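Chemist: Below: one structure in C-alpha coordinates.
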Amino acid sequence: MATKTDIARQFIEAIPHSKALGMRLTDMGEGEAMIEMPYDEKLVGDPETGVIHGGAVSALMDTCCGAAVMSHPGNPGGTATIDLRIDYMRAATPGQAITARATCYHVTRTVAFVRATATDEDAENPVAAATGAFTVEGTR
Amino acid sequence: MKAPRRKPEPVQVIKQRRDATLRALVEGVPYIQYLGMQFERKGDELTGVLPFDQKLIGNPMLPAIHGGVTAAFLEVTAIITLSWTYLWEDVESGAIDTATLEAGGLPRLPKTIDISTDYLRSGLPRDAYARARINRSGRRYASVHVEAWQDNRTRLFAQATGHFLMPQRRD
(Lines give C-alpha, C1' and ligand atoms only; values in the text may rest on other atoms or scores of the structure.)
Protein backbone atom coordinates (compact mmCIF):
# COMPACT_ATOMS: atom_id res chain seq x y z
CA MET A 1 0.00 0.00 0.00
CA ALA A 2 1.23 3.46 -0.85
CA THR A 3 2.02 5.46 2.27
CA LYS A 4 1.11 9.12 2.71
CA THR A 5 4.78 9.95 2.02
CA ASP A 6 4.74 8.05 -1.27
CA ILE A 7 1.60 9.88 -2.33
CA ALA A 8 3.13 13.21 -1.34
CA ARG A 9 6.31 12.40 -3.26
CA GLN A 10 4.34 11.56 -6.40
CA PHE A 11 2.23 14.65 -5.91
CA ILE A 12 5.27 16.95 -5.61
CA GLU A 13 7.09 15.38 -8.52
CA ALA A 14 3.94 15.84 -10.64
CA ILE A 15 3.90 19.63 -10.08
CA PRO A 16 4.67 21.05 -13.55
CA HIS A 17 6.85 23.91 -12.31
CA SER A 18 8.80 21.77 -9.84
CA LYS A 19 9.36 19.21 -12.59
CA ALA A 20 10.49 21.96 -15.00
CA LEU A 21 13.11 23.01 -12.45
CA GLY A 22 14.28 19.42 -11.99
CA MET A 23 13.31 19.26 -8.29
CA ARG A 24 13.69 15.88 -6.60
CA LEU A 25 12.27 14.99 -3.20
CA THR A 26 15.14 13.22 -1.44
CA ASP A 27 13.67 12.81 2.04
CA MET A 28 10.35 13.31 3.76
CA GLY A 29 8.41 12.43 6.87
CA GLU A 30 6.70 13.71 10.04
CA GLY A 31 6.76 17.37 9.07
CA GLU A 32 10.21 17.33 7.47
CA ALA A 33 11.14 17.49 3.80
CA MET A 34 14.30 17.73 1.74
CA ILE A 35 14.28 18.71 -1.95
CA GLU A 36 17.21 19.03 -4.32
CA MET A 37 17.35 21.30 -7.38
CA PRO A 38 20.20 20.81 -9.87
CA TYR A 39 22.15 23.77 -11.26
CA ASP A 40 20.83 24.90 -14.63
CA GLU A 41 21.94 27.79 -16.85
CA LYS A 42 18.34 28.78 -17.54
CA LEU A 43 17.94 29.69 -13.85
CA VAL A 44 20.83 32.18 -13.83
CA GLY A 45 20.06 35.63 -12.44
CA ASP A 46 23.45 37.24 -13.05
CA PRO A 47 25.00 36.26 -16.40
CA GLU A 48 28.37 37.73 -15.40
CA THR A 49 28.86 35.36 -12.49
CA GLY A 50 26.45 32.51 -13.37
CA VAL A 51 24.75 32.76 -9.95
CA ILE A 52 21.21 31.31 -9.76
CA HIS A 53 18.37 33.86 -9.51
CA GLY A 54 16.76 34.35 -6.10
CA GLY A 55 13.38 33.62 -7.67
CA ALA A 56 14.40 30.03 -8.47
CA VAL A 57 15.49 29.61 -4.84
CA SER A 58 12.05 30.94 -3.82
CA ALA A 59 10.34 28.29 -5.95
CA LEU A 60 12.46 25.59 -4.31
CA MET A 61 11.78 26.93 -0.80
CA ASP A 62 8.03 27.20 -1.43
CA THR A 63 7.83 23.63 -2.75
CA CYS A 64 9.91 22.24 0.11
CA CYS A 65 7.90 24.08 2.79
CA GLY A 66 4.67 22.83 1.21
CA ALA A 67 6.03 19.26 1.21
CA ALA A 68 6.92 19.55 4.92
CA VAL A 69 3.37 20.69 5.69
CA MET A 70 1.87 17.82 3.69
CA SER A 71 4.05 15.29 5.48
CA HIS A 72 2.95 16.52 8.92
CA PRO A 73 0.61 14.08 10.70
CA GLY A 74 -1.59 17.01 11.84
CA ASN A 75 -2.42 18.00 8.27
CA PRO A 76 -4.91 15.64 6.64
CA GLY A 77 -4.98 17.18 3.17
CA GLY A 78 -3.32 19.62 0.83
CA THR A 79 -1.90 23.04 1.58
CA ALA A 80 -1.40 26.52 0.12
CA THR A 81 1.08 29.25 1.00
CA ILE A 82 -0.29 32.12 3.11
CA ASP A 83 3.03 33.94 3.32
CA LEU A 84 6.68 33.17 2.84
CA ARG A 85 9.68 35.31 3.77
CA ILE A 86 13.09 34.54 2.33
CA ASP A 87 16.44 35.89 3.53
CA TYR A 88 19.27 35.65 1.04
CA MET A 89 22.50 35.21 2.98
CA ARG A 90 24.95 34.69 0.13
CA ALA A 91 25.15 33.86 -3.58
CA ALA A 92 24.91 30.14 -4.35
CA THR A 93 28.10 28.77 -5.94
CA PRO A 94 27.57 28.43 -9.72
CA GLY A 95 27.50 24.84 -10.93
CA GLN A 96 26.32 23.36 -7.62
CA ALA A 97 22.91 21.87 -6.82
CA ILE A 98 20.82 23.60 -4.15
CA THR A 99 19.22 21.56 -1.38
CA ALA A 100 16.32 22.85 0.70
CA ARG A 101 15.41 21.38 4.09
CA ALA A 102 12.09 22.41 5.63
CA THR A 103 10.53 21.73 9.03
CA CYS A 104 6.87 22.18 9.79
CA TYR A 105 7.36 22.98 13.50
CA HIS A 106 3.79 23.76 14.53
CA VAL A 107 0.33 22.94 13.24
CA THR A 108 -3.02 24.25 14.42
CA ARG A 109 -6.44 23.26 13.04
CA THR A 110 -6.07 25.90 10.33
CA VAL A 111 -2.45 27.02 10.02
CA ALA A 112 0.94 25.32 9.62
CA PHE A 113 4.17 27.13 10.53
CA VAL A 114 7.33 26.26 8.62
CA ARG A 115 11.00 27.20 8.48
CA ALA A 116 13.58 26.16 5.93
CA THR A 117 17.18 26.60 4.84
CA ALA A 118 18.83 26.19 1.45
CA THR A 119 22.44 25.15 1.01
CA ASP A 120 24.81 24.33 -1.84
CA GLU A 121 27.74 21.89 -1.40
CA ASP A 122 29.01 24.00 1.50
CA ALA A 123 26.32 22.74 3.86
CA GLU A 124 27.74 24.74 6.80
CA ASN A 125 26.94 28.12 5.24
CA PRO A 126 23.32 28.39 4.12
CA VAL A 127 22.53 30.28 0.92
CA ALA A 128 19.07 31.29 2.12
CA ALA A 129 16.60 30.88 4.98
CA ALA A 130 12.82 30.99 4.88
CA THR A 131 9.88 31.19 7.29
CA GLY A 132 6.29 30.84 6.28
CA ALA A 133 2.68 30.14 7.17
CA PHE A 134 0.62 27.63 5.18
CA THR A 135 -3.04 26.63 5.16
CA VAL A 136 -4.22 23.36 6.68
CA GLU A 137 -6.84 21.83 4.46
CA GLY A 138 -9.00 18.72 4.51
CA THR A 139 -11.92 17.53 6.55
CA ARG A 140 -12.04 16.98 10.25
CA MET B 1 21.49 87.05 -19.62
CA LYS B 2 19.75 83.69 -19.40
CA ALA B 3 21.53 80.76 -21.01
CA PRO B 4 19.54 79.40 -23.95
CA ARG B 5 17.43 76.39 -22.95
CA ARG B 6 18.55 73.13 -24.50
CA LYS B 7 16.25 72.04 -27.29
CA PRO B 8 14.33 68.89 -26.30
CA GLU B 9 15.64 65.77 -27.97
CA PRO B 10 13.53 64.21 -30.74
CA VAL B 11 11.07 61.73 -29.23
CA GLN B 12 12.48 58.73 -31.13
CA VAL B 13 15.99 59.39 -29.79
CA ILE B 14 14.90 59.38 -26.16
CA LYS B 15 12.54 56.43 -26.71
CA GLN B 16 15.30 54.44 -28.35
CA ARG B 17 17.56 55.03 -25.34
CA ARG B 18 14.87 54.15 -22.81
CA ASP B 19 13.82 51.00 -24.65
CA ALA B 20 17.41 49.83 -25.23
CA THR B 21 18.11 50.17 -21.49
CA LEU B 22 14.97 48.29 -20.50
CA ARG B 23 15.62 45.58 -23.09
CA ALA B 24 19.17 45.07 -21.80
CA LEU B 25 17.90 44.73 -18.22
CA VAL B 26 15.21 42.20 -19.12
CA GLU B 27 16.77 40.20 -21.93
CA GLY B 28 20.17 39.90 -20.27
CA VAL B 29 18.90 37.70 -17.44
CA PRO B 30 18.33 34.01 -18.37
CA TYR B 31 15.86 33.35 -15.55
CA ILE B 32 13.58 36.25 -16.62
CA GLN B 33 13.59 34.77 -20.14
CA TYR B 34 12.89 31.29 -18.77
CA LEU B 35 9.79 32.53 -16.93
CA GLY B 36 8.74 34.35 -20.11
CA MET B 37 8.42 37.70 -18.33
CA GLN B 38 8.11 40.97 -20.23
CA PHE B 39 7.97 44.64 -19.22
CA GLU B 40 5.69 47.35 -20.56
CA ARG B 41 6.81 50.95 -20.28
CA LYS B 42 4.78 54.16 -20.22
CA GLY B 43 7.24 57.00 -19.66
CA ASP B 44 9.11 55.89 -16.58
CA GLU B 45 6.31 53.61 -15.31
CA LEU B 46 6.95 49.89 -15.67
CA THR B 47 4.51 46.99 -15.55
CA GLY B 48 5.81 43.44 -15.31
CA VAL B 49 3.84 40.95 -17.41
CA LEU B 50 3.89 37.19 -16.89
CA PRO B 51 2.06 35.47 -19.76
CA PHE B 52 0.48 32.23 -18.60
CA ASP B 53 2.31 29.02 -19.44
CA GLN B 54 1.75 25.39 -18.44
CA LYS B 55 5.23 25.13 -16.86
CA LEU B 56 4.27 27.81 -14.30
CA ILE B 57 1.61 25.58 -12.71
CA GLY B 58 2.08 24.61 -9.07
CA ASN B 59 -1.22 22.88 -8.38
CA PRO B 60 -2.46 20.86 -11.37
CA MET B 61 -5.83 20.09 -9.69
CA LEU B 62 -7.03 23.72 -9.40
CA PRO B 63 -4.99 24.63 -11.57
CA ALA B 64 -2.98 27.46 -9.98
CA ILE B 65 0.34 29.23 -10.61
CA HIS B 66 3.19 27.92 -8.43
CA GLY B 67 3.77 30.02 -5.30
CA GLY B 68 7.46 30.11 -6.16
CA VAL B 69 6.69 31.54 -9.59
CA THR B 70 4.55 34.24 -7.98
CA ALA B 71 7.39 35.09 -5.58
CA ALA B 72 9.88 35.16 -8.45
CA PHE B 73 7.59 37.36 -10.55
CA LEU B 74 7.29 39.90 -7.74
CA GLU B 75 11.02 39.81 -6.99
CA VAL B 76 11.98 40.31 -10.64
CA THR B 77 9.51 43.22 -10.96
CA ALA B 78 11.06 44.83 -7.86
CA ILE B 79 14.65 44.40 -9.10
CA ILE B 80 13.95 45.64 -12.63
CA THR B 81 11.96 48.65 -11.38
CA LEU B 82 14.71 49.49 -8.89
CA SER B 83 17.44 49.17 -11.55
CA TRP B 84 15.37 51.20 -13.99
CA THR B 85 14.89 54.03 -11.48
CA TYR B 86 18.56 53.92 -10.58
CA LEU B 87 19.59 54.21 -14.25
CA TRP B 88 16.87 56.71 -15.25
CA GLU B 89 18.96 59.87 -14.82
CA ASP B 90 21.77 58.49 -16.98
CA VAL B 91 19.25 57.38 -19.60
CA GLU B 92 17.70 60.85 -19.72
CA SER B 93 21.00 62.74 -19.82
CA GLY B 94 22.42 60.39 -22.42
CA ALA B 95 25.30 59.44 -20.10
CA ILE B 96 24.33 55.78 -20.49
CA ASP B 97 26.19 53.84 -23.17
CA THR B 98 23.46 52.07 -25.15
CA ALA B 99 25.98 50.42 -27.50
CA THR B 100 27.56 48.53 -24.57
CA LEU B 101 24.10 47.66 -23.21
CA GLU B 102 22.99 46.27 -26.55
CA ALA B 103 26.15 44.20 -26.79
CA GLY B 104 25.11 42.49 -23.55
CA GLY B 105 27.03 44.67 -21.10
CA LEU B 106 24.47 44.46 -18.31
CA PRO B 107 24.64 47.18 -15.64
CA ARG B 108 25.13 45.90 -12.12
CA LEU B 109 21.83 44.94 -10.49
CA PRO B 110 20.57 45.40 -6.93
CA LYS B 111 20.82 42.28 -4.76
CA THR B 112 17.90 40.94 -2.75
CA ILE B 113 18.50 40.98 1.01
CA ASP B 114 15.06 39.60 1.88
CA ILE B 115 11.59 39.44 0.42
CA SER B 116 8.29 38.60 2.09
CA THR B 117 5.46 37.46 -0.14
CA ASP B 118 1.78 37.56 0.79
CA TYR B 119 -0.46 35.13 -1.10
CA LEU B 120 -3.90 36.72 -1.22
CA ARG B 121 -5.64 34.49 -3.77
CA SER B 122 -4.52 31.58 -5.86
CA GLY B 123 -2.91 32.60 -9.15
CA LEU B 124 -5.26 31.59 -11.96
CA PRO B 125 -4.14 30.15 -15.29
CA ARG B 126 -4.14 33.67 -16.79
CA ASP B 127 -1.59 36.37 -17.57
CA ALA B 128 -0.39 38.23 -14.49
CA TYR B 129 0.73 41.84 -14.05
CA ALA B 130 2.84 43.53 -11.39
CA ARG B 131 3.97 47.01 -10.44
CA ALA B 132 6.55 48.03 -7.87
CA ARG B 133 6.67 51.12 -5.67
CA ILE B 134 10.01 52.19 -4.25
CA ASN B 135 9.27 53.33 -0.72
CA ARG B 136 12.82 54.21 0.11
CA SER B 137 16.01 54.16 -1.88
CA GLY B 138 19.22 55.24 -0.22
CA ARG B 139 22.83 54.92 -1.32
CA ARG B 140 23.08 51.37 0.05
CA TYR B 141 19.63 50.01 0.82
CA ALA B 142 16.22 50.15 -0.80
CA SER B 143 12.76 49.07 0.37
CA VAL B 144 10.28 48.12 -2.34
CA HIS B 145 6.61 47.09 -2.32
CA VAL B 146 5.18 45.11 -5.24
CA GLU B 147 1.57 44.30 -6.14
CA ALA B 148 0.40 41.65 -8.59
CA TRP B 149 -3.01 41.12 -10.16
CA GLN B 150 -4.63 39.23 -12.99
CA ASP B 151 -8.03 40.18 -14.39
CA ASN B 152 -8.86 43.03 -12.02
CA ARG B 153 -6.37 45.69 -10.97
CA THR B 154 -8.09 46.06 -7.59
CA ARG B 155 -8.15 42.32 -6.79
CA LEU B 156 -4.52 41.60 -5.99
CA PHE B 157 -3.51 37.94 -5.95
CA ALA B 158 -0.17 38.61 -4.29
CA GLN B 159 1.94 41.39 -2.81
CA ALA B 160 5.48 41.52 -1.50
CA THR B 161 7.87 43.77 0.38
CA GLY B 162 11.57 43.37 -0.20
CA HIS B 163 14.85 44.95 0.87
CA PHE B 164 17.67 45.30 -1.60
CA LEU B 165 21.35 46.15 -1.56
CA MET B 166 22.09 48.80 -4.19
CA PRO B 167 25.05 48.42 -6.56
CA GLN B 168 27.88 50.78 -5.71
CA ARG B 169 28.69 53.36 -8.39
CA ARG B 170 32.03 52.73 -10.09
CA ASP B 171 33.66 56.18 -10.11
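Scheme for the C-alpha coordinates: letters A, B, ... for chains in order shown; per-chain residue numbers from 1; ligand numbers from 1 in order shown.
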Using only C-alpha atoms, which residues sit within 7 Å of range 28-44 of chain A once same-chain residues fewer than 3 positions away are excluded, as number ranges by chain?

Modeler: A: 5, 21-25, 47, 50-53, 56, 64, 67-69, 71-73, 95-104; B: 29-31, 34

Chemist: Would you kindly report the residues of chain A within 8 Å of chain B, using only C-alpha atoms, as a count of residues only?

Modeler: 31

Chemist: From a DSSP pass on the backbone, collect the residues of range 3-134 of chain A flagged as strand (DSSP E or B) and hand them back as a ChimeraX atom specification.

Modeler: /A:24-29,32-37,44-46,51-52,81-88,98-107,111-119,128-134

Chemist: Out of B:Gly94, B:Phe157, B:Ala132, B:Tyr141, which residue has the shortest atom-to-atom distance to Glu9 in chain B when counting only C-alpha atoms?

Modeler: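 Comparing B:Gly94, B:Phe157, B:Ala132, B:Tyr141 against Glu9 in chain B, the winner is B:Gly94.
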
Chemist: Considering only alpha helix (DSSP H) as DSSP defines it on the backbone, what residues of range 58-126 of chain A qualify? List them as a list in words.

Modeler: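 Filtering range 58-126 of chain A down to alpha helix (DSSP H) leaves Ser58, Ala59, Leu60, Met61, Asp62, Thr63, Cys64, Cys65, Gly66, Ala67, Ala68, Val69, Met70 and Ser71 of chain A.
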
Chemist: Quick one: pull the distance between CA of Trp149 in chain B and CA of Ala64 in chain B, Å, one decimal.

Modeler: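 Separating CA of Trp149 in chain B from CA of Ala64 in chain B is a distance of 13.7 Å.
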